[in-house]
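Coordinates as given in start_3.txt (compact mmCIF, C-alpha atoms):
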# COMPACT_ATOMS: atom_id res chain seq x y z
CA MET A 442 -18.59 25.59 -2.42
CA GLY A 443 -16.34 26.26 -5.43
CA LEU A 444 -12.91 24.79 -6.07
CA LEU A 445 -11.10 27.90 -4.88
CA GLU A 446 -12.92 27.83 -1.55
CA GLN A 447 -12.39 24.10 -1.25
CA LYS A 448 -8.64 24.63 -1.66
CA ARG A 449 -8.61 27.41 0.93
CA HIS A 450 -10.57 25.24 3.37
CA PHE A 451 -8.02 22.47 2.94
CA SER A 452 -4.94 24.64 3.50
CA VAL A 453 -6.27 26.60 6.49
CA ASN A 454 -7.75 23.67 8.38
CA LEU A 455 -4.83 21.36 7.68
CA LEU A 456 -2.33 23.87 9.04
CA ASP A 457 -4.41 24.54 12.15
CA TRP A 458 -4.63 20.80 12.81
CA TYR A 459 -0.92 20.26 12.26
CA MET A 460 0.18 22.96 14.69
CA VAL A 461 -1.69 21.11 17.45
CA ASN A 462 -1.12 17.49 16.42
CA ARG A 463 2.34 17.32 14.84
CA ARG A 464 4.64 14.61 16.13
CA ASP A 465 7.88 15.42 17.92
CA LEU A 466 10.39 13.87 15.50
CA PRO A 467 14.16 14.33 15.87
CA TRP A 468 14.65 15.81 12.40
CA ARG A 469 11.93 18.39 13.07
CA ARG A 470 13.70 19.88 16.07
CA HIS A 471 16.20 21.75 13.91
CA ASN A 472 15.83 23.41 10.53
CA ASN A 473 19.05 21.71 9.52
CA PRO A 474 19.09 20.96 5.77
CA TYR A 475 21.40 17.98 6.27
CA PHE A 476 19.11 16.45 8.92
CA THR A 477 16.10 16.98 6.66
CA TRP A 478 17.91 15.37 3.76
CA VAL A 479 19.04 12.30 5.73
CA SER A 480 15.58 11.80 7.24
CA GLU A 481 13.84 12.01 3.86
CA ILE A 482 16.18 9.44 2.32
CA MET A 483 15.67 7.10 5.28
CA LEU A 484 11.90 7.51 5.17
CA GLN A 485 11.68 6.23 1.61
CA GLN A 486 9.95 2.82 1.81
CA THR A 487 10.34 2.85 5.62
CA ARG A 488 8.03 3.69 8.54
CA VAL A 489 8.75 6.64 10.84
CA ASP A 490 8.97 4.50 13.99
CA THR A 491 11.59 2.33 12.33
CA VAL A 492 13.62 5.28 11.10
CA ILE A 493 13.94 7.20 14.40
CA PRO A 494 16.66 5.07 16.07
CA TYR A 495 18.55 4.74 12.79
CA PHE A 496 18.41 8.49 12.23
CA ASN A 497 19.70 9.22 15.73
CA ARG A 498 22.57 6.75 15.37
CA PHE A 499 23.45 7.92 11.87
CA ILE A 500 23.55 11.59 12.83
CA GLY A 501 25.51 10.71 15.96
CA ASN A 502 28.19 9.06 13.85
CA PHE A 503 28.01 11.39 10.83
CA PRO A 504 26.84 14.76 12.24
CA THR A 505 27.76 16.82 9.17
CA VAL A 506 27.88 16.50 5.41
CA GLN A 507 31.68 16.48 5.64
CA ALA A 508 31.70 13.63 8.17
CA LEU A 509 29.49 11.54 5.89
CA ALA A 510 31.50 12.37 2.77
CA GLU A 511 34.78 11.36 4.41
CA ALA A 512 33.58 8.17 6.14
CA PRO A 513 34.54 4.71 4.82
CA GLU A 514 31.67 3.21 2.85
CA GLU A 515 31.74 0.07 5.00
CA GLU A 516 31.06 2.22 8.07
CA VAL A 517 28.18 4.02 6.37
CA LEU A 518 26.60 0.71 5.33
CA LYS A 519 27.05 -0.67 8.83
CA ASN A 520 25.09 2.28 10.23
CA TRP A 521 22.40 1.64 7.60
CA GLU A 522 22.27 -2.10 8.32
CA GLY A 523 18.70 -3.26 8.80
CA LEU A 524 17.04 -0.35 6.95
CA GLY A 525 17.30 -2.10 3.60
CA TYR A 526 17.44 -0.53 0.13
CA TYR A 527 21.18 -0.03 0.62
CA SER A 528 21.59 1.93 -2.60
CA ARG A 529 20.00 4.79 -0.65
CA ALA A 530 22.99 4.88 1.70
CA ARG A 531 25.51 4.75 -1.13
CA ASN A 532 23.71 7.48 -3.04
CA LEU A 533 23.50 9.60 0.10
CA GLN A 534 27.24 9.39 0.63
CA ALA A 535 27.94 10.04 -3.05
CA ALA A 536 25.71 13.12 -2.87
CA ALA A 537 27.48 14.29 0.30
CA ARG A 538 30.72 14.22 -1.67
CA GLN A 539 29.02 16.24 -4.42
CA VAL A 540 27.97 18.84 -1.84
CA MET A 541 31.53 19.03 -0.53
CA GLU A 542 33.07 19.36 -4.00
CA LEU A 543 30.51 21.61 -5.68
CA HIS A 544 28.94 23.60 -2.85
CA GLY A 545 31.60 23.92 -0.16
CA GLY A 546 29.83 21.56 2.20
CA GLU A 547 26.62 23.62 2.31
CA MET A 548 23.33 22.20 1.03
CA PRO A 549 22.40 24.17 -2.09
CA GLN A 550 19.14 26.11 -2.13
CA ASP A 551 18.68 26.09 -5.89
CA LYS A 552 16.14 23.53 -7.13
CA GLN A 553 18.23 22.30 -10.05
CA ALA A 554 21.33 21.95 -7.87
CA VAL A 555 19.43 19.92 -5.27
CA PHE A 556 17.81 17.77 -7.93
CA ALA A 557 21.27 17.06 -9.42
CA LEU A 558 22.43 15.36 -6.23
CA LYS A 559 22.78 11.58 -6.43
CA GLY A 560 19.63 9.81 -5.28
CA VAL A 561 17.52 12.96 -5.02
CA GLY A 562 14.28 12.85 -7.01
CA PRO A 563 11.44 15.37 -7.34
CA TYR A 564 9.86 14.49 -4.00
CA THR A 565 13.08 14.62 -1.99
CA ALA A 566 14.15 17.86 -3.66
CA GLY A 567 10.78 19.43 -2.84
CA ALA A 568 10.94 18.20 0.75
CA ILE A 569 14.44 19.59 1.31
CA LEU A 570 13.69 22.97 -0.25
CA SER A 571 10.36 23.42 1.53
CA ILE A 572 11.21 22.00 4.95
CA ALA A 573 14.79 23.21 5.28
CA PHE A 574 14.49 26.53 3.42
CA ASN A 575 10.73 27.23 3.50
CA GLN A 576 10.60 27.51 -0.28
CA PRO A 577 7.13 27.05 -1.86
CA GLN A 578 7.99 23.77 -3.56
CA PRO A 579 5.60 20.78 -3.65
CA ALA A 580 6.75 17.49 -2.11
CA VAL A 581 4.52 14.79 -3.54
CA ASP A 582 4.90 11.17 -2.45
CA GLY A 583 2.44 8.30 -2.13
CA ASN A 584 0.89 9.69 1.06
CA VAL A 585 0.30 13.09 -0.52
CA MET A 586 -1.19 11.64 -3.71
CA ARG A 587 -3.57 9.54 -1.63
CA VAL A 588 -4.78 12.57 0.33
CA LEU A 589 -5.23 14.75 -2.74
CA SER A 590 -6.93 11.96 -4.72
CA ARG A 591 -9.52 11.57 -2.00
CA TYR A 592 -10.07 15.21 -1.10
CA PHE A 593 -10.42 16.40 -4.70
CA LEU A 594 -11.94 13.14 -6.06
CA ILE A 595 -9.19 12.57 -8.63
CA ASP A 596 -9.70 9.35 -10.60
CA GLU A 597 -6.38 9.40 -12.45
CA ASP A 598 -3.96 6.49 -11.92
CA ILE A 599 -1.28 7.72 -9.52
CA MET A 600 1.28 5.37 -11.08
CA LYS A 601 1.28 7.50 -14.24
CA GLY A 602 3.77 10.31 -14.67
CA SER A 603 1.04 12.64 -15.92
CA THR A 604 -0.89 12.17 -12.67
CA ARG A 605 2.19 12.99 -10.61
CA GLY A 606 2.58 16.19 -12.61
CA LEU A 607 -1.06 17.06 -11.92
CA MET A 608 -0.57 16.38 -8.21
CA GLU A 609 2.59 18.48 -8.01
CA GLU A 610 0.83 21.42 -9.64
CA LEU A 611 -2.14 21.08 -7.30
CA ALA A 612 0.03 20.71 -4.19
CA GLY A 613 1.97 23.83 -5.17
CA GLU A 614 -1.25 25.83 -5.45
CA LEU A 615 -2.29 24.77 -1.94
CA ILE A 616 0.83 26.06 -0.15
CA PRO A 617 -0.03 29.22 1.84
CA GLU A 618 2.40 32.10 1.39
CA GLY A 619 5.35 31.81 3.77
CA ARG A 620 4.14 28.48 5.23
CA ALA A 621 5.72 25.89 2.91
CA ARG A 622 7.71 24.23 5.71
CA ASP A 623 4.69 23.61 7.92
CA PHE A 624 2.22 22.92 5.13
CA ASN A 625 4.19 20.17 3.40
CA GLN A 626 4.88 18.45 6.69
CA ALA A 627 1.19 18.79 7.60
CA LEU A 628 0.20 17.14 4.33
CA MET A 629 2.62 14.27 4.97
CA GLU A 630 1.37 13.96 8.54
CA LEU A 631 -2.26 13.77 7.48
CA GLY A 632 -1.49 10.93 5.08
CA ALA A 633 0.55 9.05 7.67
CA LEU A 634 -1.81 9.39 10.65
CA VAL A 635 -5.36 10.04 9.41
CA CYS A 636 -5.87 9.50 5.68
CA THR A 637 -4.30 6.05 5.80
CA PRO A 638 -4.40 3.56 2.90
CA LYS A 639 -6.90 0.95 4.10
CA ALA A 640 -8.79 2.47 7.01
CA PRO A 641 -8.92 6.27 6.81
CA HIS A 642 -10.01 7.97 10.04
CA CYS A 643 -12.48 10.32 8.39
CA LEU A 644 -14.24 11.37 11.61
CA THR A 645 -11.03 12.87 13.00
CA CYS A 646 -9.87 14.41 9.72
CA PRO A 647 -9.56 18.21 9.86
CA VAL A 648 -10.73 18.59 6.24
CA MET A 649 -13.48 15.95 6.16
CA GLU A 650 -16.31 18.45 5.63
CA GLN A 651 -15.15 19.33 2.14
CA CYS A 652 -13.56 15.99 1.18
CA SER A 653 -15.14 15.13 -2.18
CA GLY A 654 -14.05 11.51 -1.95
CA ARG A 655 -15.74 11.02 1.42
CA ILE A 656 -18.90 12.79 0.28
CA ALA A 657 -19.06 10.51 -2.77
CA GLY A 658 -18.38 7.40 -0.66
CA ARG A 659 -15.09 6.81 -2.51
CA GLU A 660 -12.63 7.14 0.35
CA LEU A 661 -11.87 3.40 0.29
CA THR A 662 -11.51 3.12 -3.50
CA LEU A 663 -9.19 6.06 -4.00
CA PRO A 664 -6.50 6.56 -5.06
CA VAL A 665 -6.63 4.67 -8.35
CA LYS A 666 -3.40 2.71 -8.54
CA THR A 667 -2.24 0.11 -11.05
CA LYS A 668 -1.15 -3.02 -9.21
CA ALA A 669 2.57 -3.62 -9.33
CA LYS A 670 3.91 -6.83 -10.80
CA PRO A 671 4.27 -9.39 -7.99
CA PRO A 672 7.86 -10.16 -6.96
CA ARG A 673 9.44 -13.19 -8.59
CA PRO A 674 10.00 -16.14 -6.21
CA GLU A 675 13.44 -17.72 -6.03
CA GLN A 676 14.52 -20.78 -4.08
CA ARG A 677 18.07 -20.44 -2.77
CA LEU A 678 20.34 -22.79 -0.87
CA VAL A 679 22.49 -21.16 1.80
CA ALA A 680 25.62 -22.54 3.45
CA ILE A 681 26.70 -21.81 7.01
CA VAL A 682 30.19 -23.28 6.68
CA GLU A 683 31.67 -23.97 10.08
CA GLY A 684 35.46 -23.71 10.11
CA ARG A 685 37.85 -26.32 11.47
CA GLY A 686 41.51 -26.23 12.43
CA ALA A 687 42.84 -22.70 11.88
CA HIS A 688 39.28 -21.54 11.14
CA ARG A 689 37.64 -23.09 14.20
CA GLY A 690 34.95 -20.83 15.66
CA ARG A 691 34.58 -18.96 12.37
CA VAL A 692 32.20 -19.09 9.41
CA LEU A 693 32.73 -18.47 5.72
CA VAL A 694 31.23 -15.33 4.16
CA ARG A 695 31.63 -13.61 0.82
CA GLN A 696 31.39 -10.05 -0.46
CA ARG A 697 28.91 -9.31 -3.23
CA PRO A 698 30.00 -7.61 -6.49
CA ALA A 699 30.65 -3.88 -6.64
CA THR A 700 27.44 -3.25 -8.58
CA GLY A 701 23.92 -4.63 -8.59
CA LEU A 702 21.74 -5.97 -5.82
CA LEU A 703 23.20 -5.42 -2.31
CA ALA A 704 26.48 -4.27 -3.84
CA ARG A 705 29.65 -4.87 -1.78
CA MET A 706 27.74 -6.20 1.21
CA TRP A 707 28.73 -9.44 2.94
CA GLU A 708 26.62 -12.59 2.92
CA LEU A 709 26.66 -16.32 3.47
CA PRO A 710 27.48 -18.28 0.30
CA HIS A 711 24.30 -19.30 -1.50
CA VAL A 712 23.23 -20.68 -4.85
CA LEU A 713 20.06 -20.44 -6.91
CA ALA A 714 18.25 -23.77 -6.99
CA ALA A 715 17.11 -25.26 -10.30
CA PRO A 716 14.55 -22.87 -11.82
CA ALA A 717 10.87 -23.71 -11.57
CA ALA A 718 8.72 -24.42 -14.59
CA ALA A 719 7.23 -21.35 -16.25
CA GLY A 720 4.36 -19.86 -14.28
CA LYS A 721 5.06 -21.88 -11.14
CA ALA A 722 6.60 -20.77 -7.88
CA ALA A 723 9.95 -22.27 -6.95
CA GLY A 724 9.47 -24.94 -4.30
CA PRO A 725 11.90 -26.29 -1.71
CA LEU A 726 14.33 -29.01 -2.75
CA ALA A 727 14.61 -32.31 -0.92
CA ASP A 728 17.55 -32.22 1.47
CA GLU A 729 19.74 -34.78 -0.28
CA PRO A 730 19.89 -33.12 -3.72
CA ALA A 731 19.94 -29.68 -2.10
CA MET A 732 22.98 -30.53 0.01
CA ALA A 733 24.75 -32.08 -2.98
CA LEU A 734 24.10 -28.97 -5.06
CA LEU A 735 25.27 -26.66 -2.28
CA ALA A 736 28.46 -28.66 -1.69
CA GLY A 737 29.12 -28.60 -5.43
CA SER A 738 28.77 -24.84 -5.64
CA LEU A 739 31.26 -24.42 -2.78
CA TRP A 740 33.63 -26.89 -4.42
CA ALA A 741 33.47 -24.86 -7.65
CA GLU A 742 34.71 -21.85 -5.68
CA GLY A 743 37.56 -23.78 -4.10
CA PHE A 744 36.03 -24.68 -0.73
CA ALA A 745 35.53 -28.23 0.47
CA ALA A 746 32.55 -28.42 2.85
CA ARG A 747 30.19 -31.20 3.87
CA PRO A 748 26.54 -30.18 4.50
CA GLU A 749 25.44 -31.70 7.81
CA GLY A 750 21.73 -30.94 7.72
CA LEU A 751 19.01 -28.33 7.41
CA ALA A 752 19.45 -25.55 9.96
CA THR A 753 16.42 -23.39 9.17
CA HIS A 754 14.17 -21.90 6.52
CA ALA A 755 14.10 -18.14 5.98
CA GLU A 756 12.71 -15.56 3.60
CA HIS A 757 13.97 -12.24 2.34
CA VAL A 758 11.70 -9.92 0.36
CA PHE A 759 12.95 -7.40 -2.18
CA SER A 760 10.73 -5.15 -4.26
CA HIS A 761 11.07 -7.46 -7.27
CA ILE A 762 12.25 -10.79 -5.84
CA VAL A 763 11.39 -13.00 -2.89
CA TRP A 764 14.20 -15.28 -1.73
CA SER A 765 13.00 -18.47 -0.07
CA LEU A 766 16.09 -19.78 1.70
CA GLN A 767 16.97 -23.33 2.73
CA VAL A 768 19.84 -22.87 5.14
CA TYR A 769 22.24 -25.77 5.73
CA LYS A 770 24.90 -26.08 8.36
CA CYS A 771 28.12 -27.30 6.73
CA THR A 772 31.54 -28.35 8.00
CA GLU A 773 34.82 -27.36 6.39
CA GLN A 774 36.74 -30.34 5.02
CA ASP A 775 40.37 -30.96 4.15
CA GLN A 776 40.59 -30.31 0.41
CA SER A 777 43.33 -32.93 0.06
CA ASN A 778 40.73 -35.58 0.90
CA GLU A 779 38.64 -36.01 -2.23
CA LEU A 780 35.42 -36.77 -0.41
CA PRO A 781 32.98 -38.66 -2.63
CA LEU A 782 30.14 -36.30 -1.83
CA ILE A 783 32.14 -33.27 -2.82
CA ALA A 784 34.26 -34.65 -5.64
CA ALA A 785 31.60 -36.61 -7.49
CA GLU A 786 27.94 -36.28 -6.50
CA ALA A 787 28.20 -32.63 -5.61
CA ARG A 788 30.05 -31.67 -8.76
CA ALA A 789 27.55 -33.55 -10.89
CA ALA A 790 24.60 -31.93 -9.14
CA TYR A 791 26.14 -28.49 -9.55
CA ASP A 792 26.85 -29.04 -13.25
CA ALA A 793 23.31 -30.31 -13.83
CA GLN A 794 21.86 -27.29 -12.09
CA ALA A 795 23.97 -24.89 -14.15
CA ALA A 796 22.94 -26.65 -17.36
CA ALA A 797 19.26 -26.48 -16.36
CA LYS A 798 19.49 -22.74 -15.91
CA GLU A 799 21.09 -22.28 -19.31
CA THR A 800 18.36 -24.23 -21.10
CA THR A 801 15.24 -23.26 -19.14
CA ALA A 802 15.77 -19.70 -17.92
CA PRO A 803 18.45 -17.78 -19.83
CA ALA A 804 16.63 -14.45 -19.46
CA GLN A 805 16.35 -14.87 -15.71
CA ALA A 806 20.04 -15.64 -15.31
CA SER A 807 21.05 -12.43 -17.08
CA GLU A 808 18.53 -10.12 -15.45
CA PRO A 809 20.23 -7.20 -13.65
CA GLY A 810 20.53 -7.62 -9.90
CA ILE A 811 20.08 -11.41 -9.90
CA ILE A 812 23.34 -12.84 -8.71
CA ASP A 813 24.27 -16.40 -7.88
CA ALA A 814 27.39 -18.51 -7.58
CA ALA A 815 26.99 -19.99 -11.04
CA ASN A 816 26.93 -16.89 -13.21
CA ILE A 817 28.49 -13.86 -11.55
CA SER A 818 31.79 -12.28 -12.42
CA GLY A 819 34.02 -10.60 -9.85
CA SER A 820 35.09 -6.97 -9.63
CA LEU A 821 38.72 -5.82 -9.78
CA ASP A 822 40.43 -2.68 -8.60
CA GLU A 823 42.67 -0.49 -10.77
CA GLN A 824 45.59 -2.85 -10.19
CA GLY A 825 43.56 -5.85 -11.32
CA GLU A 826 43.17 -7.23 -7.81
CA PRO A 827 39.84 -8.48 -6.36
CA LEU A 828 37.84 -5.62 -4.83
CA SER A 829 37.46 -5.96 -1.05
CA ALA A 830 37.35 -3.54 1.85
CA PHE A 831 39.47 -5.96 3.88
CA ALA A 832 41.94 -7.35 1.33
CA ALA A 833 44.75 -4.98 2.24
CA SER A 834 44.48 -5.29 6.00
CA GLU A 835 43.65 -8.96 6.66
CA PRO A 836 46.01 -11.96 6.73
CA ALA A 837 46.23 -13.78 3.41
CA HIS A 838 44.72 -16.98 4.80
CA ASP A 839 41.64 -15.06 5.90
CA VAL A 840 40.79 -13.40 2.57
CA MET A 841 40.41 -15.48 -0.59
CA SER A 842 39.10 -15.08 -4.11
CA GLY A 843 36.56 -17.60 -5.39
CA LYS A 844 37.87 -19.74 -8.26
CA GLY A 845 34.70 -19.47 -10.32
CA ASP A 846 32.87 -16.30 -9.36
CA GLY A 847 35.92 -14.18 -8.50
CA LEU A 848 34.24 -12.83 -5.37
CA ILE A 849 36.04 -12.22 -2.11
CA TYR A 850 35.54 -14.85 0.60
CA ARG A 851 36.55 -14.50 4.23
CA TRP A 852 36.44 -16.47 7.47
CA ILE A 853 34.89 -14.38 10.26
CA GLY A 854 34.24 -14.68 13.96
CA PRO A 855 31.72 -12.93 16.24
CA GLU A 856 34.11 -10.02 16.73
CA ASP A 857 33.87 -9.16 13.02
CA MET A 858 30.12 -8.64 13.05
CA ASP A 859 30.46 -5.08 14.31
CA LYS A 860 32.76 -4.10 11.44
CA MET A 861 31.09 -5.61 8.39
CA ALA A 862 27.79 -4.71 6.74
CA PHE A 863 25.36 -7.57 6.07
CA PRO A 864 21.86 -7.62 4.57
CA ASN A 865 19.44 -8.10 7.43
CA ILE A 866 18.60 -11.72 6.62
CA PHE A 867 22.26 -12.80 6.70
CA LEU A 868 22.92 -10.74 9.82
CA LYS A 869 20.17 -12.70 11.57
CA LEU A 870 21.37 -16.08 10.32
CA ILE A 871 25.01 -15.52 11.25
CA SER A 872 24.11 -14.03 14.64
CA SER A 873 21.89 -17.03 15.33
CA TYR A 874 24.75 -19.38 14.45
CA PHE A 875 27.17 -17.65 16.81
CA ALA A 876 24.45 -17.73 19.50
CA GLY A 877 24.31 -21.53 19.18
CA ALA A 878 20.92 -21.75 17.49
CA TYR A 879 22.04 -24.50 15.11
CA ASP A 880 24.26 -26.53 17.44
CA ASP A 881 21.94 -29.55 17.38
CA VAL A 882 21.90 -29.95 13.59
CA ASN A 883 22.73 -33.64 12.89
CA GLU A 884 24.40 -34.11 16.27
Let me see the file written as structure tokens.
Amino acid sequence: MGLLEQKRHFSVNLLDWYMVNRRDLPWRRHNNPYFTWVSEIMLQQTRVDTVIPYFNRFIGNFPTVQALAEAPEEEVLKNWEGLGYYSRARNLQAAARQVMELHGGEMPQDKQAVFALKGVGPYTAGAILSIAFNQPQPAVDGNVMRVLSRYFLIDEDIMKGSTRGLMEELAGELIPEGRARDFNQALMELGALVCTPKAPHCLTCPVMEQCSGRIAGRELTLPVKTKAKPPRPEQRLVAIVEGRGAHRGRVLVRQRPATGLLARMWELPHVLAAPAAAGKAAGPLADEPAMALLAGSLWAEGFAARPEGLATHAEHVFSHIVWSLQVYKCTEQDQSNELPLIAAEARAAYDAQAAAKETTAPAQASEPGIIDAANISGSLDEQGEPLSAFAASEPAHDVMSGKGDGLIYRWIGPEDMDKMAFPNIFLKLISSYFAGAYDDVNE
């Protein structure tokens, strides 16, 4: 069988299989360009089963492009909370505003106009144009490149831009006339359900008979993919500061800078531990120096707190960093009482840690997206005031600016959790605290 016949076999049999086996997904029930767009952004780096409830909630709260464009960012992030990769949500809202301003609230159908939207790359543009408007545009992601690599026995590294170009050209040639919407979704579906990364289900594959990779016994070695650099480990010390007096029943949180990793989201205060030696993973600190360092970092920001003991260990994985977290329950102290731990040992430990970072890891400290209490600068609004979604509406005693990092700090109670957007790891830690999970620490 020649290449032309092999291509025809693929397209015909794949479409026949899809029409019988396609999943009933909420964004497939309507040819709504906005729904397609939102679903494709959510599905980046995220499994379908995870996305479904988030998609339903998001569309319920922001049913149109206009509703999304006009919503407060904090509300958008809150509806995205738990999906991760929060820049996707910010870009989606920024693009919704572009659609309102440039296209009258209607998703454009021109390829260049779609591609110009914030956060929309070649794959997403192709998916929107083909699925929403049935235009014969390829939509090539990792699933699609895996399928095509195996079926056509393509040995090129899929991490290279030249290979992506080859795949896009090939995928475009495979689209049957007038069937772009169904074909591209069928190709995605095959990669998700049958031609899976580690254990492809070849016996149930609708195109197995002409799959060159299977015939050559290469289905498990394709696609060729350069291994990504492993994420850098970081050891971080986290403070759950329990309020006293006017702050009783509340904990201290801070808002991250306006740009960079997890921009403008809320978190528990934390500090990067002393960097590990070159080539070695960062290990946990002993509790005594860890608590001194953590108390010192809080003191540097203007908060007196005594660490009481280790509450838990946790981990948070980014694409390029892994945070290993030592979480300590702390108690707010009266700043007028110069507690020895805070005023002396803690300050010394904090200064030593800052000096160690300057001498042993200057490149790491300045790397974009790596933010800690020792080396970040705050963000100001046009009036020169600290940037915070709550600064204008909250009592002055509840919203404060850190003395060293310039970030916004705030005391919150359980009732605030529904209004503020937290990275998933901090959402879990704070929710566990309010549920009493750490009540027995050093009792």
Interatomic distance, CA of Glu515 (chain A) to CA of His757 (chain A) (Å, one decimal):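 Calculated distance between CA of Glu515 (chain A) and CA of His757 (chain A) is 21.8 Å.
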Protein/DNA/RNA residues near (34.8, -12.5, 8.9), cut 8 Å, all atoms listed in the file, as a list in words: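 I get Arg691, Val692, Leu693, Val694, Asp839, Arg851, Trp852, Ile853, Gly854, Pro855, Asp857, Met858 and Met861 of chain A for the residues within 8 Å of that point.
The residue that comes closest to Thr772 (chain A), out of A:Leu533, A:Ala755, A:Ile681, A:Leu484 and on the basis of only C-alpha atoms, is A:Ile681.
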Nearest to Ala752 (chain A) by atom-to-atom distance, counting only C-alpha atoms, from A:Val882, A:Leu739, A:Val682, A:Ala633: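 Selected residue with least distance to Ala752 (chain A): A:Val882.
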Å distance separating CA of Thr662 (chain A) from CA of Asp596 (chain A), one decimal place: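 Spanning CA of Thr662 (chain A) to CA of Asp596 (chain A) is a straight-line distance of 9.6 Å.
Of note, CA of Lys552 (chain A) and CA of Val517 (chain A) are spaced 26.6 Å apart.
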Near Phe624 (chain A), within 12 Å and counting only C-alpha atoms, which residues show up once chain neighbours fewer than 5 positions away are dropped, as a tab-separated table (two decimals) with C-alpha atoms, in the frame of the given file?
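Listed below is the output, out_5.tsv:
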chain	number	residue	atom	x	y	z
A	451	PHE	CA	-8.02	22.47	2.94
A	452	SER	CA	-4.94	24.64	3.50
A	453	VAL	CA	-6.27	26.60	6.49
A	454	ASN	CA	-7.75	23.67	8.38
A	455	LEU	CA	-4.83	21.36	7.68
A	456	LEU	CA	-2.33	23.87	9.04
A	457	ASP	CA	-4.41	24.54	12.15
A	458	TRP	CA	-4.63	20.80	12.81
A	459	TYR	CA	-0.92	20.26	12.26
A	460	MET	CA	0.18	22.96	14.69
A	463	ARG	CA	2.34	17.32	14.84
A	568	ALA	CA	10.94	18.20	0.75
A	571	SER	CA	10.36	23.42	1.53
A	572	ILE	CA	11.21	22.00	4.95
A	575	ASN	CA	10.73	27.23	3.50
A	576	GLN	CA	10.60	27.51	-0.28
A	577	PRO	CA	7.13	27.05	-1.86
A	578	GLN	CA	7.99	23.77	-3.56
A	579	PRO	CA	5.60	20.78	-3.65
A	580	ALA	CA	6.75	17.49	-2.11
A	585	VAL	CA	0.30	13.09	-0.52
A	612	ALA	CA	0.03	20.71	-4.19
A	613	GLY	CA	1.97	23.83	-5.17
A	614	GLU	CA	-1.25	25.83	-5.45
A	615	LEU	CA	-2.29	24.77	-1.94
A	616	ILE	CA	0.83	26.06	-0.15
A	617	PRO	CA	-0.03	29.22	1.84
A	618	GLU	CA	2.40	32.10	1.39
A	619	GLY	CA	5.35	31.81	3.77
A	629	MET	CA	2.62	14.27	4.97
A	630	GLU	CA	1.37	13.96	8.54
A	631	LEU	CA	-2.26	13.77	7.48
Selection as a list in words: residues within 10 Å of (23.4, -13.3, -2.9), counting all atoms listed in the file: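 The answer, in the requested form, is Arg677, Val679, Arg695, Gln696, Arg697, Pro698, Leu702, Leu703, Ala704, Met706, Trp707, Glu708, Leu709, Pro710, His711, Val712, Leu713, Trp764, Gly810, Ile811, Ile812, Asp813, Ala814, Pro864 and Phe867 of chain A.
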Give me a file of those residues, with C-alpha atoms, as a JSON list (two decimals), keeping the file's coordinate frame.
[["chain", "number", "residue", "atom", "x", "y", "z"],
["A", 677, "ARG", "CA", 18.07, -20.44, -2.77],
["A", 679, "VAL", "CA", 22.49, -21.16, 1.80],
["A", 695, "ARG", "CA", 31.63, -13.61, 0.82],
["A", 696, "GLN", "CA", 31.39, -10.05, -0.46],
["A", 697, "ARG", "CA", 28.91, -9.31, -3.23],
["A", 698, "PRO", "CA", 30.00, -7.61, -6.49],
["A", 702, "LEU", "CA", 21.74, -5.97, -5.82],
["A", 703, "LEU", "CA", 23.20, -5.42, -2.31],
["A", 704, "ALA", "CA", 26.48, -4.27, -3.84],
["A", 706, "MET", "CA", 27.74, -6.20, 1.21],
["A", 707, "TRP", "CA", 28.73, -9.44, 2.94],
["A", 708, "GLU", "CA", 26.62, -12.59, 2.92],
["A", 709, "LEU", "CA", 26.66, -16.32, 3.47],
["A", 710, "PRO", "CA", 27.48, -18.28, 0.30],
["A", 711, "HIS", "CA", 24.30, -19.30, -1.50],
["A", 712, "VAL", "CA", 23.23, -20.68, -4.85],
["A", 713, "LEU", "CA", 20.06, -20.44, -6.91],
["A", 764, "TRP", "CA", 14.20, -15.28, -1.73],
["A", 810, "GLY", "CA", 20.53, -7.62, -9.90],
["A", 811, "ILE", "CA", 20.08, -11.41, -9.90],
["A", 812, "ILE", "CA", 23.34, -12.84, -8.71],
["A", 813, "ASP", "CA", 24.27, -16.40, -7.88],
["A", 814, "ALA", "CA", 27.39, -18.51, -7.58],
["A", 864, "PRO", "CA", 21.86, -7.62, 4.57],
["A", 867, "PHE", "CA", 22.26, -12.80, 6.70]]
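Taking all atoms listed in the file into account, Gln767 (chain A) lies nearest to A:Asp728 out of the set A:Asp728, A:Glu547, A:Glu597, A:Asp490.
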Give me the box for region 673-681 of chain A as AutoDock Vina command-line options, namely the centre and edge lengths in Å to one decimal of a box along x, y and z that holds every listed atom plus 6 Å on each side.
--center_x 18.1 --center_y -18.0 --center_z -0.8 --size_x 29.3 --size_y 21.6 --size_z 27.6
Contact residues around Asn584 (chain A) with all atoms listed in the file at 8 Å, ignoring same-chain residues under 2 positions, as an MDAnalysis selection string: chainID A and resid 581:582 586:588 629 632:633 637
Dump as a PDB file, in the coordinates of the input, selection limited to C-alpha atoms:
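Contents of out_14.pdb, as written:
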ATOM      1  CA  VAL A 581       4.520  14.790  -3.540  1.00  0.00           C
ATOM      2  CA  ASP A 582       4.900  11.170  -2.450  1.00  0.00           C
ATOM      3  CA  MET A 586      -1.190  11.640  -3.710  1.00  0.00           C
ATOM      4  CA  ARG A 587      -3.570   9.540  -1.630  1.00  0.00           C
ATOM      5  CA  VAL A 588      -4.780  12.570   0.330  1.00  0.00           C
ATOM      6  CA  MET A 629       2.620  14.270   4.970  1.00  0.00           C
ATOM      7  CA  GLY A 632      -1.490  10.930   5.080  1.00  0.00           C
ATOM      8  CA  ALA A 633       0.550   9.050   7.670  1.00  0.00           C
ATOM      9  CA  THR A 637      -4.300   6.050   5.800  1.00  0.00           C
TER      10      THR A 637
END
